[in-house]
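Visitor: Input file: data35.txt. Contents: compact mmCIF, C-alpha atoms (C1' of nucleotides).
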# COMPACT_ATOMS: atom_id res chain seq x y z
CA MET A 1 -21.96 -80.68 9.21
CA THR A 2 -24.15 -79.05 11.82
CA ASP A 3 -27.87 -79.47 11.39
CA LEU A 4 -29.41 -76.18 10.45
CA PRO A 5 -32.46 -74.87 12.27
CA ASP A 6 -35.74 -75.45 10.55
CA PHE A 7 -36.22 -72.39 8.41
CA ASP A 8 -39.12 -72.04 6.00
CA LEU A 9 -38.33 -69.38 3.47
CA ASP A 10 -41.90 -69.39 2.20
CA ARG A 11 -43.07 -68.13 5.57
CA PHE A 12 -40.34 -65.56 6.01
CA THR A 13 -42.02 -62.18 6.01
CA PRO A 14 -39.21 -59.99 4.62
CA TYR A 15 -38.84 -62.37 1.71
CA ARG A 16 -42.58 -62.49 1.08
CA LEU A 17 -42.81 -58.74 1.18
CA ALA A 18 -39.94 -58.37 -1.26
CA VAL A 19 -41.67 -60.68 -3.70
CA VAL A 20 -45.10 -59.11 -3.44
CA ALA A 21 -43.71 -55.57 -3.61
CA GLN A 22 -41.75 -56.30 -6.73
CA LYS A 23 -44.72 -58.02 -8.34
CA THR A 24 -47.08 -55.14 -7.71
CA SER A 25 -44.50 -52.52 -8.73
CA GLU A 26 -43.80 -54.33 -11.98
CA GLY A 27 -47.45 -55.03 -12.61
CA LEU A 28 -48.10 -51.35 -12.36
CA ALA A 29 -45.03 -50.44 -14.39
CA ARG A 30 -46.30 -52.58 -17.25
CA LEU A 31 -49.21 -50.19 -17.55
CA TYR A 32 -47.11 -47.09 -18.10
CA ARG A 33 -43.56 -48.02 -19.07
CA ASP A 34 -44.04 -48.76 -22.74
CA ARG A 35 -46.86 -46.36 -23.28
CA PHE A 36 -45.28 -43.32 -21.65
CA GLY A 37 -41.58 -44.15 -21.38
CA ILE A 38 -41.56 -43.63 -17.62
CA SER A 39 -39.38 -45.64 -15.25
CA ILE A 40 -40.34 -46.64 -11.73
CA PRO A 41 -38.25 -43.95 -9.98
CA GLU A 42 -39.70 -41.37 -12.35
CA TRP A 43 -43.21 -42.56 -11.61
CA ARG A 44 -42.58 -42.17 -7.90
CA VAL A 45 -41.40 -38.61 -8.27
CA LEU A 46 -44.36 -37.76 -10.47
CA ALA A 47 -46.79 -39.34 -8.03
CA HIS A 48 -45.39 -37.27 -5.20
CA LEU A 49 -45.68 -34.12 -7.22
CA ALA A 50 -49.27 -34.86 -8.15
CA HIS A 51 -50.01 -35.62 -4.54
CA SER A 52 -48.23 -32.76 -2.82
CA GLY A 53 -47.81 -29.92 -5.28
CA ASP A 54 -44.45 -28.21 -4.78
CA VAL A 55 -41.86 -30.55 -3.37
CA SER A 56 -38.10 -30.51 -2.82
CA VAL A 57 -35.73 -33.40 -3.43
CA ARG A 58 -35.37 -33.79 0.29
CA ASP A 59 -39.13 -34.01 0.82
CA ILE A 60 -39.28 -36.97 -1.53
CA GLU A 61 -36.20 -38.58 -0.07
CA ALA A 62 -37.74 -38.34 3.39
CA ARG A 63 -41.07 -39.91 2.50
CA VAL A 64 -40.19 -42.58 -0.02
CA VAL A 65 -37.35 -44.97 0.60
CA MET A 66 -35.38 -43.43 -2.23
CA GLU A 67 -31.86 -42.08 -2.14
CA LYS A 68 -31.53 -38.40 -2.88
CA SER A 69 -29.22 -39.01 -5.84
CA LYS A 70 -31.85 -41.30 -7.31
CA VAL A 71 -34.49 -38.63 -6.85
CA SER A 72 -32.20 -36.01 -8.30
CA ARG A 73 -31.50 -38.01 -11.43
CA ALA A 74 -35.10 -39.02 -11.96
CA ALA A 75 -36.07 -35.37 -11.64
CA ALA A 76 -33.37 -34.38 -14.15
CA ARG A 77 -34.77 -36.83 -16.69
CA LEU A 78 -38.30 -35.61 -16.11
CA GLU A 79 -37.17 -32.03 -16.49
CA ALA A 80 -35.40 -32.87 -19.76
CA ALA A 81 -38.61 -34.51 -20.97
CA GLY A 82 -40.55 -31.37 -20.11
CA TYR A 83 -42.74 -32.89 -17.42
CA LEU A 84 -41.26 -31.07 -14.48
CA GLN A 85 -39.79 -27.68 -13.69
CA LYS A 86 -37.38 -26.67 -10.98
CA THR A 87 -37.24 -23.30 -9.29
CA ALA A 88 -35.05 -22.13 -6.47
CA ASP A 89 -36.99 -21.72 -3.26
CA LYS A 90 -37.18 -18.03 -2.40
CA SER A 91 -36.76 -18.34 1.33
CA ASP A 92 -34.03 -21.02 1.25
CA ARG A 93 -32.03 -21.05 -1.93
CA ARG A 94 -30.51 -24.44 -1.19
CA LEU A 95 -33.89 -26.00 -1.81
CA VAL A 96 -35.09 -26.87 -5.28
CA SER A 97 -38.82 -26.52 -5.62
CA MET A 98 -40.17 -28.96 -8.18
CA SER A 99 -43.58 -28.91 -9.78
CA LEU A 100 -45.38 -30.36 -12.76
CA THR A 101 -45.40 -28.45 -16.01
CA ALA A 102 -48.57 -28.29 -18.08
CA LYS A 103 -47.22 -31.23 -20.04
CA GLY A 104 -46.54 -33.07 -16.80
CA ASN A 105 -50.03 -32.32 -15.64
CA THR A 106 -51.45 -33.79 -18.84
CA LEU A 107 -49.28 -36.87 -18.39
CA MET A 108 -50.54 -37.37 -14.86
CA SER A 109 -54.12 -36.94 -15.93
CA GLU A 110 -53.56 -40.11 -17.96
CA LEU A 111 -51.33 -41.94 -15.49
CA LEU A 112 -53.36 -41.47 -12.33
CA PRO A 113 -56.47 -43.23 -13.62
CA LEU A 114 -54.28 -46.19 -14.55
CA ALA A 115 -52.85 -46.25 -11.04
CA MET A 116 -56.27 -45.99 -9.47
CA GLU A 117 -57.58 -48.77 -11.65
CA TYR A 118 -54.65 -50.90 -10.57
CA GLN A 119 -55.38 -50.15 -6.95
CA ARG A 120 -58.95 -51.22 -7.49
CA ARG A 121 -57.77 -54.53 -8.90
CA LEU A 122 -55.60 -55.15 -5.87
CA GLU A 123 -58.51 -54.35 -3.59
CA ASP A 124 -60.72 -56.73 -5.51
CA ARG A 125 -58.16 -59.44 -5.16
CA LEU A 126 -57.91 -58.90 -1.41
CA GLY A 127 -61.64 -58.60 -0.97
CA ALA A 128 -62.76 -58.43 2.64
CA ALA A 129 -59.17 -59.00 3.75
CA PHE A 130 -58.09 -55.63 2.40
CA ASP A 131 -58.61 -53.60 5.55
CA ASP A 132 -56.83 -56.07 7.78
CA PHE A 133 -54.01 -56.27 5.33
CA GLU A 134 -53.54 -52.52 5.14
CA ALA A 135 -53.75 -52.28 8.91
CA GLY A 136 -50.83 -54.68 9.06
CA VAL A 137 -48.83 -52.58 6.64
CA ASP A 138 -49.59 -49.56 8.80
CA ARG A 139 -48.21 -51.32 11.81
CA LEU A 140 -45.01 -52.22 10.05
CA LEU A 141 -44.61 -48.73 8.71
CA SER A 142 -45.65 -46.94 11.86
CA ASP A 143 -42.77 -45.90 14.03
CA GLY A 144 -39.74 -44.89 12.00
CA LYS A 145 -37.68 -48.04 11.84
CA VAL A 146 -38.65 -51.67 11.50
CA PRO A 147 -35.68 -52.81 13.50
CA MET B 1 -54.22 -26.98 -16.39
CA THR B 2 -56.57 -29.89 -15.91
CA ASP B 3 -57.48 -30.79 -12.38
CA LEU B 4 -55.93 -34.08 -11.46
CA PRO B 5 -57.99 -36.84 -9.87
CA ASP B 6 -57.72 -37.11 -6.14
CA PHE B 7 -54.86 -39.50 -5.59
CA ASP B 8 -53.53 -40.30 -2.14
CA LEU B 9 -50.08 -41.77 -2.43
CA ASP B 10 -50.07 -42.76 1.23
CA ARG B 11 -52.92 -45.16 0.55
CA PHE B 12 -51.51 -46.56 -2.67
CA THR B 13 -50.77 -50.20 -2.04
CA PRO B 14 -47.87 -50.78 -4.46
CA TYR B 15 -46.08 -47.80 -2.99
CA ARG B 16 -46.76 -48.90 0.59
CA LEU B 17 -45.51 -52.38 -0.19
CA ALA B 18 -42.34 -51.03 -1.77
CA VAL B 19 -41.61 -49.01 1.34
CA VAL B 20 -42.34 -51.75 3.82
CA ALA B 21 -40.43 -54.35 1.81
CA GLN B 22 -37.37 -52.20 1.58
CA LYS B 23 -37.51 -51.37 5.26
CA THR B 24 -37.72 -54.97 6.35
CA SER B 25 -35.06 -56.11 3.88
CA GLU B 26 -32.68 -53.43 5.07
CA GLY B 27 -33.53 -54.00 8.69
CA LEU B 28 -32.57 -57.61 8.23
CA ALA B 29 -29.51 -56.77 6.16
CA ARG B 30 -28.18 -54.62 8.98
CA LEU B 31 -27.93 -57.76 11.06
CA TYR B 32 -25.67 -59.63 8.67
CA ARG B 33 -24.07 -57.24 6.19
CA ASP B 34 -21.28 -55.82 8.30
CA ARG B 35 -20.78 -58.88 10.41
CA PHE B 36 -20.59 -61.43 7.60
CA GLY B 37 -19.98 -59.41 4.43
CA ILE B 38 -23.08 -60.81 2.75
CA SER B 39 -25.23 -58.79 0.36
CA ILE B 40 -28.99 -59.11 0.00
CA PRO B 41 -28.88 -61.19 -3.21
CA GLU B 42 -26.30 -63.44 -1.62
CA TRP B 43 -28.47 -63.86 1.45
CA ARG B 44 -31.39 -64.89 -0.72
CA VAL B 45 -29.38 -67.55 -2.49
CA LEU B 46 -28.06 -68.86 0.80
CA ALA B 47 -31.53 -68.94 2.31
CA HIS B 48 -32.81 -70.97 -0.62
CA LEU B 49 -29.97 -73.41 -0.29
CA ALA B 50 -30.54 -73.85 3.42
CA HIS B 51 -34.22 -74.35 2.77
CA SER B 52 -34.12 -76.64 -0.23
CA GLY B 53 -30.80 -78.45 -0.26
CA ASP B 54 -29.59 -78.84 -3.84
CA VAL B 55 -30.88 -76.12 -6.10
CA SER B 56 -30.17 -74.93 -9.64
CA VAL B 57 -29.95 -71.32 -10.77
CA ARG B 58 -33.23 -71.76 -12.53
CA ASP B 59 -34.96 -73.06 -9.40
CA ILE B 60 -34.04 -69.90 -7.56
CA GLU B 61 -34.94 -67.67 -10.46
CA ALA B 62 -38.37 -69.29 -10.63
CA ARG B 63 -39.21 -68.90 -6.96
CA VAL B 64 -37.72 -65.57 -6.04
CA VAL B 65 -38.26 -62.56 -8.21
CA MET B 66 -34.59 -62.51 -9.11
CA GLU B 67 -33.05 -62.43 -12.56
CA LYS B 68 -30.95 -65.44 -13.43
CA SER B 69 -27.85 -63.33 -14.06
CA LYS B 70 -28.24 -61.87 -10.60
CA VAL B 71 -28.50 -65.34 -9.12
CA SER B 72 -25.54 -66.51 -11.18
CA ARG B 73 -23.31 -63.68 -10.00
CA ALA B 74 -24.35 -63.96 -6.38
CA ALA B 75 -23.58 -67.67 -6.56
CA ALA B 76 -20.20 -66.95 -8.14
CA ARG B 77 -19.30 -64.63 -5.27
CA LEU B 78 -20.45 -67.17 -2.71
CA GLU B 79 -18.44 -69.87 -4.43
CA ALA B 80 -15.34 -67.67 -4.42
CA ALA B 81 -15.88 -67.08 -0.72
CA GLY B 82 -16.08 -70.81 -0.14
CA TYR B 83 -19.68 -70.91 1.06
CA LEU B 84 -21.12 -72.73 -1.91
CA GLN B 85 -20.12 -75.44 -4.35
CA LYS B 86 -21.39 -76.13 -7.85
CA THR B 87 -21.63 -79.51 -9.49
CA ALA B 88 -23.01 -80.47 -12.86
CA ASP B 89 -26.29 -82.29 -12.57
CA LYS B 90 -25.80 -85.93 -13.64
CA SER B 91 -29.07 -86.38 -15.48
CA ASP B 92 -29.11 -82.98 -17.21
CA ARG B 93 -25.70 -81.50 -17.65
CA ARG B 94 -27.04 -78.06 -18.46
CA LEU B 95 -28.13 -77.70 -14.86
CA VAL B 96 -25.77 -76.52 -12.16
CA SER B 97 -26.50 -78.09 -8.84
CA MET B 98 -25.55 -75.78 -6.00
CA SER B 99 -25.17 -76.69 -2.36
CA LEU B 100 -23.64 -75.31 0.82
CA THR B 101 -20.09 -76.24 1.71
CA ALA B 102 -19.21 -77.04 5.29
CA LYS B 103 -18.14 -73.42 5.65
CA GLY B 104 -21.45 -72.29 4.17
CA ASN B 105 -23.27 -74.54 6.57
CA THR B 106 -21.45 -72.97 9.50
CA LEU B 107 -22.30 -69.52 8.17
CA MET B 108 -25.97 -70.40 7.93
CA SER B 109 -25.98 -71.86 11.41
CA GLU B 110 -25.20 -68.31 12.53
CA LEU B 111 -27.34 -66.45 10.02
CA LEU B 112 -30.56 -68.40 10.36
CA PRO B 113 -31.05 -67.66 14.07
CA LEU B 114 -30.65 -63.98 13.27
CA ALA B 115 -33.31 -64.26 10.58
CA MET B 116 -35.65 -66.15 12.86
CA GLU B 117 -35.18 -63.61 15.59
CA TYR B 118 -36.00 -60.87 13.13
CA GLN B 119 -39.11 -62.72 12.05
CA ARG B 120 -40.15 -62.94 15.68
CA ARG B 121 -39.79 -59.21 16.04
CA LEU B 122 -42.00 -58.60 13.04
CA GLU B 123 -44.61 -60.97 14.43
CA ASP B 124 -44.50 -59.18 17.75
CA ARG B 125 -45.04 -55.89 16.04
CA LEU B 126 -48.01 -57.22 14.13
CA GLY B 127 -49.45 -58.99 17.14
CA ALA B 128 -52.88 -60.44 16.58
CA ALA B 129 -52.95 -58.88 13.11
CA PHE B 130 -50.19 -61.17 11.89
CA ASP B 131 -52.37 -63.95 10.54
CA ASP B 132 -54.68 -61.61 8.67
CA PHE B 133 -51.72 -59.80 7.27
CA GLU B 134 -50.03 -62.93 6.00
CA ALA B 135 -53.30 -64.15 4.55
CA GLY B 136 -53.41 -60.96 2.52
CA VAL B 137 -49.88 -61.51 1.27
CA ASP B 138 -50.88 -65.02 0.30
CA ARG B 139 -53.74 -63.67 -1.74
CA LEU B 140 -51.53 -61.24 -3.58
CA LEU B 141 -48.94 -63.90 -4.23
CA SER B 142 -51.36 -66.65 -5.07
CA ASP B 143 -51.91 -67.02 -8.78
CA GLY B 144 -48.78 -66.30 -10.79
CA LYS B 145 -49.23 -62.66 -11.74
CA VAL B 146 -50.64 -59.71 -9.87
CA PRO B 147 -51.92 -58.13 -13.04
C1' DA C 1 -30.94 -90.15 -37.48
C1' DC C 2 -30.94 -85.64 -38.40
C1' DA C 3 -31.95 -80.83 -38.41
C1' DT C 4 -34.27 -77.40 -35.76
C1' DA C 5 -35.80 -75.35 -31.63
C1' DT C 6 -35.53 -74.76 -26.67
C1' DT C 7 -33.39 -74.51 -22.13
C1' DC C 8 -29.62 -73.51 -18.94
C1' DG C 9 -26.11 -70.68 -17.01
C1' DT C 10 -22.61 -67.24 -18.08
C1' DT C 11 -20.88 -63.04 -19.91
C1' DG C 12 -20.43 -58.44 -22.61
C1' DC C 13 -22.22 -54.13 -22.54
C1' DA C 14 -24.75 -50.08 -21.58
C1' DT C 15 -27.41 -48.19 -17.92
C1' DT C 16 -28.52 -47.55 -13.14
C1' DT C 17 -27.33 -47.44 -8.55
C1' DG C 18 -25.22 -46.21 -3.97
C1' DC C 19 -21.84 -43.85 -1.63
C1' DA C 20 -18.75 -40.24 -0.77
C1' DA C 21 -17.21 -35.80 -1.82
C1' DC C 22 -18.20 -31.41 -3.35
C1' DG C 23 -19.80 -26.31 -3.79
C1' DA C 24 -23.37 -23.35 -2.51
C1' DA C 25 -26.42 -21.72 0.94
C1' DG C 26 -27.89 -21.38 5.50
C1' DT C 27 -27.34 -21.70 10.76
C1' DC C 28 -25.21 -20.99 15.00
C1' DA C 29 -22.29 -19.14 18.57
C1' DA C 30 -18.95 -16.15 20.26
C1' DT D 1 -18.99 -9.97 11.62
C1' DT D 2 -16.39 -13.92 11.55
C1' DG D 3 -15.48 -18.77 11.43
C1' DA D 4 -16.94 -23.49 12.15
C1' DC D 5 -20.62 -26.51 11.30
C1' DT D 6 -24.84 -28.27 8.92
C1' DT D 7 -27.98 -28.98 5.08
C1' DC D 8 -29.27 -29.26 0.18
C1' DG D 9 -28.76 -31.04 -4.36
C1' DT D 10 -25.49 -32.62 -7.85
C1' DT D 11 -21.80 -35.35 -9.62
C1' DG D 12 -17.61 -38.69 -10.02
C1' DC D 13 -16.70 -43.18 -9.64
C1' DA D 14 -16.86 -48.00 -8.70
C1' DA D 15 -20.04 -51.64 -8.24
C1' DA D 16 -24.43 -53.72 -9.34
C1' DT D 17 -28.04 -54.40 -12.52
C1' DG D 18 -30.93 -55.83 -16.68
C1' DC D 19 -30.98 -57.36 -21.11
C1' DA D 20 -29.47 -59.66 -25.06
C1' DA D 21 -26.42 -62.83 -27.05
C1' DC D 22 -23.79 -66.76 -26.61
C1' DG D 23 -22.10 -71.88 -26.26
C1' DA D 24 -23.33 -76.13 -24.46
C1' DA D 25 -26.79 -79.54 -23.59
C1' DT D 26 -31.21 -81.35 -24.36
C1' DA D 27 -35.78 -81.83 -26.49
C1' DT D 28 -38.74 -82.13 -30.45
C1' DG D 29 -40.45 -83.31 -34.89
C1' DT D 30 -40.13 -85.57 -39.17
Will you turn the file into structure tokens for me?
Guide:
Amino acid sequence: MTDLPDFDLDRFTPYRLAVVAQKTSEGLARLYRDRFGISIPEWRVLAHLAHSGDVSVRDIEARVVMEKSKVSRAAARLEAAGYLQKTADKSDRRLVSMSLTAKGNTLMSELLPLAMEYQRRLEDRLGAAFDDFEAGVDRLLSDGKVP
Amino acid sequence: MTDLPDFDLDRFTPYRLAVVAQKTSEGLARLYRDRFGISIPEWRVLAHLAHSGDVSVRDIEARVVMEKSKVSRAAARLEAAGYLQKTADKSDRRLVSMSLTAKGNTLMSELLPLAMEYQRRLEDRLGAAFDDFEAGVDRLLSDGKVP
DNA sequence: ACATATTCGTTGCATTTGCAACGAAGTCAA
DNA sequence: TTGACTTCGTTGCAAATGCAACGAATATGT
């Protein structure tokens, strides 16, 4: 039975990030899931739409770490619920141009303040450390891969 | 059509954490998935075992953000592959005490150096910012919830 | 001691997910 | 133009997931 190297899981960054990411995502989801019936993938699509206006499935896939089939299905649910509309892009008819409906806009006018309030709570918790922390995230996100 | 509040997704911490966590988890998984046939949940269980010796399903569930059924099934696959053995706890026979087999120990003697090398690469990328960054993660993880 | 409540790990089931394959649309080169 | 190749979004399908329910074991209260 070989002796294993000394490995401290509690100091292992990928593990720590997985835990903290899931906690913050679920903490946020608690604010909107029951009240609005929105799932996490759906929230991500909506947030992109509110942020960027007209967006294609591929735009979202490229920016979030979210498979295109996941985006496609989330968008289908949002369309069925009347929050989102799809139109074929005029100049490239392969692209689906997605945008918020009036109903979707109303939804986001309620959701975004919740998200911003949540962000404020995270910033409060980090206090003066916030900027350094976000700078670290920037570094990890910077060049394409984190190999 | 109400004007939505100004919301910058690129600065939204839960979203940034989700992206960076997934990138690092997948970056790590690339090192072991194909070579050893281990999935991410299985890796997490193995890492806990290497770190803590004998562990029950509930121990893992409590420390990682990982549903007990997910832990149970990952452990079942690892047991079938011969990496892990289960024994009933003597003092409380509801508990399943899991530990690495000799084969599992050999596996981890190969996996752990990969993980530690990956950790080193993340630390290199963060450079002097590493300590501040990890301090921020500590703050977010600290008290139970991130409400 | 006994009945009731709780905890642990597994499993059944419906939903979600990832991957590959697909048709439609567009690009490119000869 | 034609034909081969690429890109976009959707969908079929198998695997993974989350949740609730379950049996077994233990704890609790009277």
Visitor: Determine which residues of chain C sit within 8 Å of chain B, taking into account only C-alpha atoms (C1' of nucleotides), and present them as a CSV table (one decimal) with C-alpha atoms (C1' of nucleotides), keeping the file's coordinate frame.
Guide:
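Just written: result.csv:
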chain,number,residue,atom,x,y,z
C,8,DC,C1',-29.6,-73.5,-18.9
C,9,DG,C1',-26.1,-70.7,-17.0
C,10,DT,C1',-22.6,-67.2,-18.1
Visitor: Show me a table, sorted first by chain and then by increasing residue number, of the residues of chain D having an atom at most 9 Å from chain B, each with its shortest atom pair and the distance in Å to one decimal, counting all atoms listed in the file and written as JSON lines.
Guide:
{"residue": "D:DT17", "atom": "C1'", "partner": "B:Lys70", "partner_atom": "CA", "distance": 7.7}
{"residue": "D:DG18", "atom": "C1'", "partner": "B:Glu67", "partner_atom": "CA", "distance": 8.1}
{"residue": "D:DA24", "atom": "C1'", "partner": "B:Arg94", "partner_atom": "CA", "distance": 7.3}
{"residue": "D:DA25", "atom": "C1'", "partner": "B:Arg94", "partner_atom": "CA", "distance": 5.3}
{"residue": "D:DT26", "atom": "C1'", "partner": "B:Asp92", "partner_atom": "CA", "distance": 7.6}
Visitor: Kindly give the distance, in Å, that separates C1' of DA29 (chain C) and CA of Ala62 (chain A), rounded to a single decimal.
Guide: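 It comes out at 28.9 Å.
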Visitor: Between CA of Met66 (chain B) and CA of Met98 (chain B), what is the distance, to one decimal in Å?
Guide: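 Pair CA of Met66 (chain B) / CA of Met98 (chain B) returns 16.4 Å.
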Visitor: Could you check how far CA of Asp6 (chain B) sits from CA of Val45 (chain A), in Å to one decimal?
Guide: 16.5 Å
Visitor: Between B:Ser99, B:Ser25, B:Ser52, B:Gln85, which one has atoms that come closest to chain A, using all atoms listed in the file?
Guide: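 Once distances to chain A are computed over all atoms listed in the file, the minimum belongs to B:Ser25.
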